[in-house]
Structure formats: C-alpha cells, structure tokens
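Visitor: The structure is given below, and queries will be raised subsequently.
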Amino acid sequence: MRLDRYDIKILQILHRQGRITKSGLADAISLSVSPCWERVKRLEDAGIIEGYGARINTDVLFKRTPVLVEVNLKQHSAEAFRRFEQAMLDCEQVVDCYATGGGVDYILRVMCEGIDQYQRLIDRWLASELGIERYFTYIVTKTIKQQPPGLEFDPQALA
C-alpha cells in the first residue's frame, strides 16, 4: 500500500491525538470529512492503524519496580528459543522482551511490585525448564525518558 502525504499526516496526528474528532482531523490535513474518514478506514483495513487506546499512568494506580534483565540461554536451538519466548509472552510481569544479537540472547523489561516479587519470578524461571544459563539484573532507579516512538519520517522513503 502506498501512502501519500495525507495518509502520513493522518497517522502522525492520530499517533499524538487519538481522540481527535473526524472534523478536527479533516481540518488538520485540509480535506473534507468524508475523504479524510475514507482514508482512515483504508489505513485501518490495511492493518496500519491497529486500534486506539489511552496511555495510562500506572504509577498513579500502583507502584511497581522496573527491572531490566539480560538473559543468555544454555542452548541456541529453535526449540529453546521458542520455549523461552512463549514463557515471556505468558508472563504478565514481562512488559517488553527483545531477542538481541551481540552476546546477549534477550533483554527484558520486567515490572514487579518490588524486588522480592522479582526475585521469586527469577527463582521460578531458574527452577523451570526455560534453559537460562545466566542473567544480569539492572534495577531502574529513575526513568529519564519514556515515550512511544514518533512518526516523523519522509514520505519519499515509502516510495
């Protein structure tokens, strides 16, 4: 699907202001409401817009401790990777899991109610058959910057 400048502008605006009205969006990109909304529907149908949601400040609701974890597995087989990745997908405390190159198999961001809960989680993983060879824990003491990625890009790059 080729995107033009109107499509890109729609994506940029919705990324920042998901609750903008149809007419507000149309005004912002200098189109009438119907053609603008047809473009939004086309972007949704193409799977480019997957959904809409609110950014919730969970720190206001409850305090959790963010922990970054480097993980290396004992074996590097497709089955070992699949088993570990499925366990991470199933674990609600794991909020981000990245397979990486360069000496570390995975980097995780884990959110726990405290260090004790984190340690119990690690103990369960080590006792299970996940195949963890070693792990390194980094307690986040202060978040400096956290934001969703921006959508500022050159429309010509999509051509």
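Identifiers for the structure tokens are assigned positionally: chains receive A, B, ... in sequence, residues are indexed from 1 per chain, and ligands are indexed from 1 in the order shown.
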Do you have, as JSON lines, the list of residues of stretch 92-124 of chain A lying at most 12 Å from stretch 131-140 of chain A, each with its nearest atom pair and that distance in Å to one decimal, counting only C-alpha atoms and ordered by chain then number?
Guide:
```
{"residue": "A:Gly103", "atom": "CA", "partner": "A:Arg134", "partner_atom": "CA", "distance": 12.0}
{"residue": "A:Val104", "atom": "CA", "partner": "A:Tyr135", "partner_atom": "CA", "distance": 9.3}
{"residue": "A:Asp105", "atom": "CA", "partner": "A:Tyr135", "partner_atom": "CA", "distance": 10.0}
{"residue": "A:Tyr106", "atom": "CA", "partner": "A:Tyr135", "partner_atom": "CA", "distance": 9.5}
{"residue": "A:Ile107", "atom": "CA", "partner": "A:Phe136", "partner_atom": "CA", "distance": 9.5}
{"residue": "A:Leu108", "atom": "CA", "partner": "A:Thr137", "partner_atom": "CA", "distance": 9.6}
{"residue": "A:Arg109", "atom": "CA", "partner": "A:Tyr138", "partner_atom": "CA", "distance": 9.6}
{"residue": "A:Val110", "atom": "CA", "partner": "A:Ile139", "partner_atom": "CA", "distance": 9.8}
{"residue": "A:Met111", "atom": "CA", "partner": "A:Val140", "partner_atom": "CA", "distance": 10.2}
{"residue": "A:Cys112", "atom": "CA", "partner": "A:Ile139", "partner_atom": "CA", "distance": 10.8}
{"residue": "A:Gly114", "atom": "CA", "partner": "A:Ile139", "partner_atom": "CA", "distance": 10.3}
{"residue": "A:Ile115", "atom": "CA", "partner": "A:Ile139", "partner_atom": "CA", "distance": 8.6}
{"residue": "A:Tyr118", "atom": "CA", "partner": "A:Thr137", "partner_atom": "CA", "distance": 9.8}
{"residue": "A:Gln119", "atom": "CA", "partner": "A:Thr137", "partner_atom": "CA", "distance": 9.9}
{"residue": "A:Ile122", "atom": "CA", "partner": "A:Tyr135", "partner_atom": "CA", "distance": 9.2}
{"residue": "A:Asp123", "atom": "CA", "partner": "A:Ile132", "partner_atom": "CA", "distance": 11.0}
{"residue": "A:Arg124", "atom": "CA", "partner": "A:Ile132", "partner_atom": "CA", "distance": 11.2}
```
Visitor: Any chance you can output those residues with N, CA and C atoms as a short mmCIF file (atom, residue, chain, number, x, y, z; two decimals), in the first residue's frame?
Guide:
```
data_model
loop_
_atom_site.label_atom_id
_atom_site.label_comp_id
_atom_site.auth_asym_id
_atom_site.auth_seq_id
_atom_site.Cartn_x
_atom_site.Cartn_y
_atom_site.Cartn_z
N GLY A 103 25.95 -10.98 21.78
CA GLY A 103 26.41 -11.52 23.05
C GLY A 103 25.36 -11.72 24.11
N VAL A 104 24.19 -11.15 23.96
CA VAL A 104 23.08 -11.34 24.90
C VAL A 104 21.91 -11.86 24.08
N ASP A 105 21.28 -12.92 24.56
CA ASP A 105 20.17 -13.51 23.80
C ASP A 105 18.90 -12.67 23.88
N TYR A 106 18.57 -12.19 25.09
CA TYR A 106 17.33 -11.43 25.29
C TYR A 106 17.57 -10.29 26.27
N ILE A 107 16.82 -9.23 26.06
CA ILE A 107 16.74 -8.14 27.04
C ILE A 107 15.27 -7.98 27.38
N LEU A 108 14.98 -7.98 28.68
CA LEU A 108 13.60 -7.91 29.17
C LEU A 108 13.42 -6.63 29.98
N ARG A 109 12.21 -6.13 29.96
CA ARG A 109 11.79 -5.12 30.93
C ARG A 109 10.68 -5.76 31.74
N VAL A 110 10.92 -5.87 33.03
CA VAL A 110 10.01 -6.55 33.93
C VAL A 110 9.48 -5.53 34.93
N MET A 111 8.19 -5.56 35.20
CA MET A 111 7.57 -4.67 36.18
C MET A 111 7.02 -5.52 37.31
N CYS A 112 7.58 -5.32 38.51
CA CYS A 112 7.16 -6.09 39.69
C CYS A 112 6.75 -5.14 40.80
N GLY A 114 7.84 -5.24 43.67
CA GLY A 114 9.03 -5.00 44.47
C GLY A 114 10.12 -5.98 44.11
N ILE A 115 11.29 -5.79 44.69
CA ILE A 115 12.42 -6.66 44.39
C ILE A 115 12.15 -8.09 44.83
N TYR A 118 10.20 -9.78 42.17
CA TYR A 118 11.09 -10.03 41.03
C TYR A 118 11.96 -11.27 41.31
N GLN A 119 12.54 -11.35 42.50
CA GLN A 119 13.41 -12.47 42.81
C GLN A 119 12.64 -13.80 42.80
N ILE A 122 12.29 -14.77 39.14
CA ILE A 122 13.54 -15.33 38.63
C ILE A 122 13.77 -16.74 39.16
N ASP A 123 13.50 -16.93 40.45
CA ASP A 123 13.67 -18.26 41.04
C ASP A 123 12.79 -19.29 40.33
N ARG A 124 11.54 -18.90 40.01
CA ARG A 124 10.64 -19.82 39.27
C ARG A 124 11.20 -20.13 37.89
#
```
Visitor: Using backbone DSSP assignments, extract all strand (DSSP E or B) residues from chain A; output them as a PyMOL selection string.
Guide: chain A and resi 65-73+94-99+106-112+132-139
Visitor: Could the residues in this selection be saved with C-alpha atoms as a compact mmCIF listing (two decimals), in the first residue's frame?
Guide:
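Saved to part_34.txt:
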```txt
# COMPACT_ATOMS: atom_id res chain seq x y z
CA THR A 65 9.63 -1.51 40.28
CA PRO A 66 11.01 -1.60 36.73
CA VAL A 67 13.83 -4.10 36.22
CA LEU A 68 15.92 -4.63 33.09
CA VAL A 69 17.24 -8.16 32.63
CA GLU A 70 19.81 -9.58 30.23
CA VAL A 71 19.29 -13.29 29.61
CA ASN A 72 21.53 -15.87 27.96
CA LEU A 73 20.23 -19.35 27.24
CA VAL A 94 7.36 -9.07 31.43
CA VAL A 95 6.27 -5.93 29.59
CA ASP A 96 8.99 -5.94 26.91
CA CYS A 97 11.09 -8.80 25.55
CA TYR A 98 13.67 -8.32 22.82
CA ALA A 99 15.73 -11.01 21.11
CA TYR A 106 17.33 -11.43 25.29
CA ILE A 107 16.74 -8.14 27.04
CA LEU A 108 13.60 -7.91 29.17
CA ARG A 109 11.79 -5.12 30.93
CA VAL A 110 10.01 -6.55 33.93
CA MET A 111 7.57 -4.67 36.18
CA CYS A 112 7.16 -6.09 39.69
CA ILE A 132 18.52 -19.91 31.34
CA GLU A 133 22.30 -20.13 31.59
CA ARG A 134 22.84 -16.74 33.20
CA TYR A 135 21.07 -13.47 33.73
CA PHE A 136 22.00 -9.95 34.79
CA THR A 137 19.60 -7.72 36.68
CA TYR A 138 19.52 -3.92 36.49
CA ILE A 139 17.16 -2.11 38.85
```
Visitor: Could you jot down the atom CA of A:Lys142 to atom CA of A:Asp59 separation for me, Å, one decimal place?
Guide: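 Distance reported for this atom pair: 12.8 Å.
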Visitor: Between A:Ala54, A:Leu121, A:Leu3, A:Val40, single out the one closest to A:Met88, counting only C-alpha atoms.
Guide: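 Smallest distance to A:Met88 is found for A:Leu121.
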Visitor: For a quick check of understanding, using only C-alpha atoms, which of A:Glu79, A:Asp7, A:Glu113, A:Asp90 has the smallest distance to A:Ser30?
Guide: A:Asp7
Visitor: Find the distance between atom CA of A:Ser23 and atom CA of A:Trp37 and write it in Å to one decimal.
Guide: 9.1 Å
Visitor: So which bits of stretch 17-48 of chain A end up helix (DSSP H, G or I) when you DSSP the backbone, as a PyMOL selection string?
Guide: chain A and resi 22-29+33-45
Visitor: Please, could you write that set of residues out with N, CA and C atoms as a PDB file, in the first residue's frame?
Guide:
```
ATOM      1  N   LYS A  22     -13.530  13.615  13.916  1.00  0.00           N
ATOM      2  CA  LYS A  22     -13.419  13.461  12.462  1.00  0.00           C
ATOM      3  C   LYS A  22     -13.219  14.813  11.787  1.00  0.00           C
ATOM      4  N   SER A  23     -14.000  15.793  12.200  1.00  0.00           N
ATOM      5  CA  SER A  23     -13.886  17.109  11.579  1.00  0.00           C
ATOM      6  C   SER A  23     -12.562  17.775  11.955  1.00  0.00           C
ATOM      7  N   GLY A  24     -12.099  17.571  13.175  1.00  0.00           N
ATOM      8  CA  GLY A  24     -10.813  18.123  13.586  1.00  0.00           C
ATOM      9  C   GLY A  24      -9.666  17.535  12.781  1.00  0.00           C
ATOM     10  N   LEU A  25      -9.728  16.245  12.536  1.00  0.00           N
ATOM     11  CA  LEU A  25      -8.703  15.580  11.728  1.00  0.00           C
ATOM     12  C   LEU A  25      -8.755  16.082  10.295  1.00  0.00           C
ATOM     13  N   ALA A  26      -9.957  16.179   9.755  1.00  0.00           N
ATOM     14  CA  ALA A  26     -10.113  16.668   8.380  1.00  0.00           C
ATOM     15  C   ALA A  26      -9.564  18.089   8.247  1.00  0.00           C
ATOM     16  N   ASP A  27      -9.862  18.947   9.199  1.00  0.00           N
ATOM     17  CA  ASP A  27      -9.337  20.314   9.179  1.00  0.00           C
ATOM     18  C   ASP A  27      -7.816  20.324   9.244  1.00  0.00           C
ATOM     19  N   ALA A  28      -7.260  19.462  10.074  1.00  0.00           N
ATOM     20  CA  ALA A  28      -5.813  19.440  10.280  1.00  0.00           C
ATOM     21  C   ALA A  28      -5.048  19.032   9.032  1.00  0.00           C
ATOM     22  N   ILE A  29      -5.675  18.233   8.169  1.00  0.00           N
ATOM     23  CA  ILE A  29      -4.967  17.807   6.952  1.00  0.00           C
ATOM     24  C   ILE A  29      -5.527  18.472   5.692  1.00  0.00           C
ATOM     25  N   VAL A  33     -14.439  16.064   5.466  1.00  0.00           N
ATOM     26  CA  VAL A  33     -14.586  14.967   6.428  1.00  0.00           C
ATOM     27  C   VAL A  33     -14.699  13.607   5.735  1.00  0.00           C
ATOM     28  N   SER A  34     -15.532  13.485   4.713  1.00  0.00           N
ATOM     29  CA  SER A  34     -15.747  12.170   4.078  1.00  0.00           C
ATOM     30  C   SER A  34     -14.469  11.576   3.480  1.00  0.00           C
ATOM     31  N   PRO A  35     -13.740  12.314   2.636  1.00  0.00           N
ATOM     32  CA  PRO A  35     -12.496  11.731   2.102  1.00  0.00           C
ATOM     33  C   PRO A  35     -11.462  11.436   3.186  1.00  0.00           C
ATOM     34  N   CYS A  36     -11.418  12.275   4.197  1.00  0.00           N
ATOM     35  CA  CYS A  36     -10.488  12.049   5.300  1.00  0.00           C
ATOM     36  C   CYS A  36     -10.837  10.744   6.012  1.00  0.00           C
ATOM     37  N   TRP A  37     -12.118  10.569   6.314  1.00  0.00           N
ATOM     38  CA  TRP A  37     -12.534   9.370   7.041  1.00  0.00           C
ATOM     39  C   TRP A  37     -12.371   8.114   6.198  1.00  0.00           C
ATOM     40  N   GLU A  38     -12.549   8.218   4.882  1.00  0.00           N
ATOM     41  CA  GLU A  38     -12.301   7.080   3.990  1.00  0.00           C
ATOM     42  C   GLU A  38     -10.839   6.657   4.060  1.00  0.00           C
ATOM     43  N   ARG A  39      -9.955   7.633   4.152  1.00  0.00           N
ATOM     44  CA  ARG A  39      -8.526   7.335   4.273  1.00  0.00           C
ATOM     45  C   ARG A  39      -8.238   6.629   5.599  1.00  0.00           C
ATOM     46  N   VAL A  40      -8.853   7.102   6.673  1.00  0.00           N
ATOM     47  CA  VAL A  40      -8.659   6.465   7.983  1.00  0.00           C
ATOM     48  C   VAL A  40      -9.132   5.018   7.907  1.00  0.00           C
ATOM     49  N   LYS A  41     -10.293   4.779   7.335  1.00  0.00           N
ATOM     50  CA  LYS A  41     -10.823   3.414   7.218  1.00  0.00           C
ATOM     51  C   LYS A  41      -9.897   2.535   6.376  1.00  0.00           C
ATOM     52  N   ARG A  42      -9.345   3.107   5.295  1.00  0.00           N
ATOM     53  CA  ARG A  42      -8.417   2.362   4.437  1.00  0.00           C
ATOM     54  C   ARG A  42      -7.153   1.986   5.223  1.00  0.00           C
ATOM     55  N   LEU A  43      -6.648   2.909   6.041  1.00  0.00           N
ATOM     56  CA  LEU A  43      -5.472   2.636   6.875  1.00  0.00           C
ATOM     57  C   LEU A  43      -5.781   1.571   7.932  1.00  0.00           C
ATOM     58  N   GLU A  44      -6.987   1.601   8.470  1.00  0.00           N
ATOM     59  CA  GLU A  44      -7.405   0.566   9.424  1.00  0.00           C
ATOM     60  C   GLU A  44      -7.515  -0.788   8.734  1.00  0.00           C
ATOM     61  N   ASP A  45      -8.177  -0.810   7.565  1.00  0.00           N
ATOM     62  CA  ASP A  45      -8.365  -2.067   6.832  1.00  0.00           C
ATOM     63  C   ASP A  45      -7.039  -2.689   6.413  1.00  0.00           C
TER      64      ASP A  45
END
```
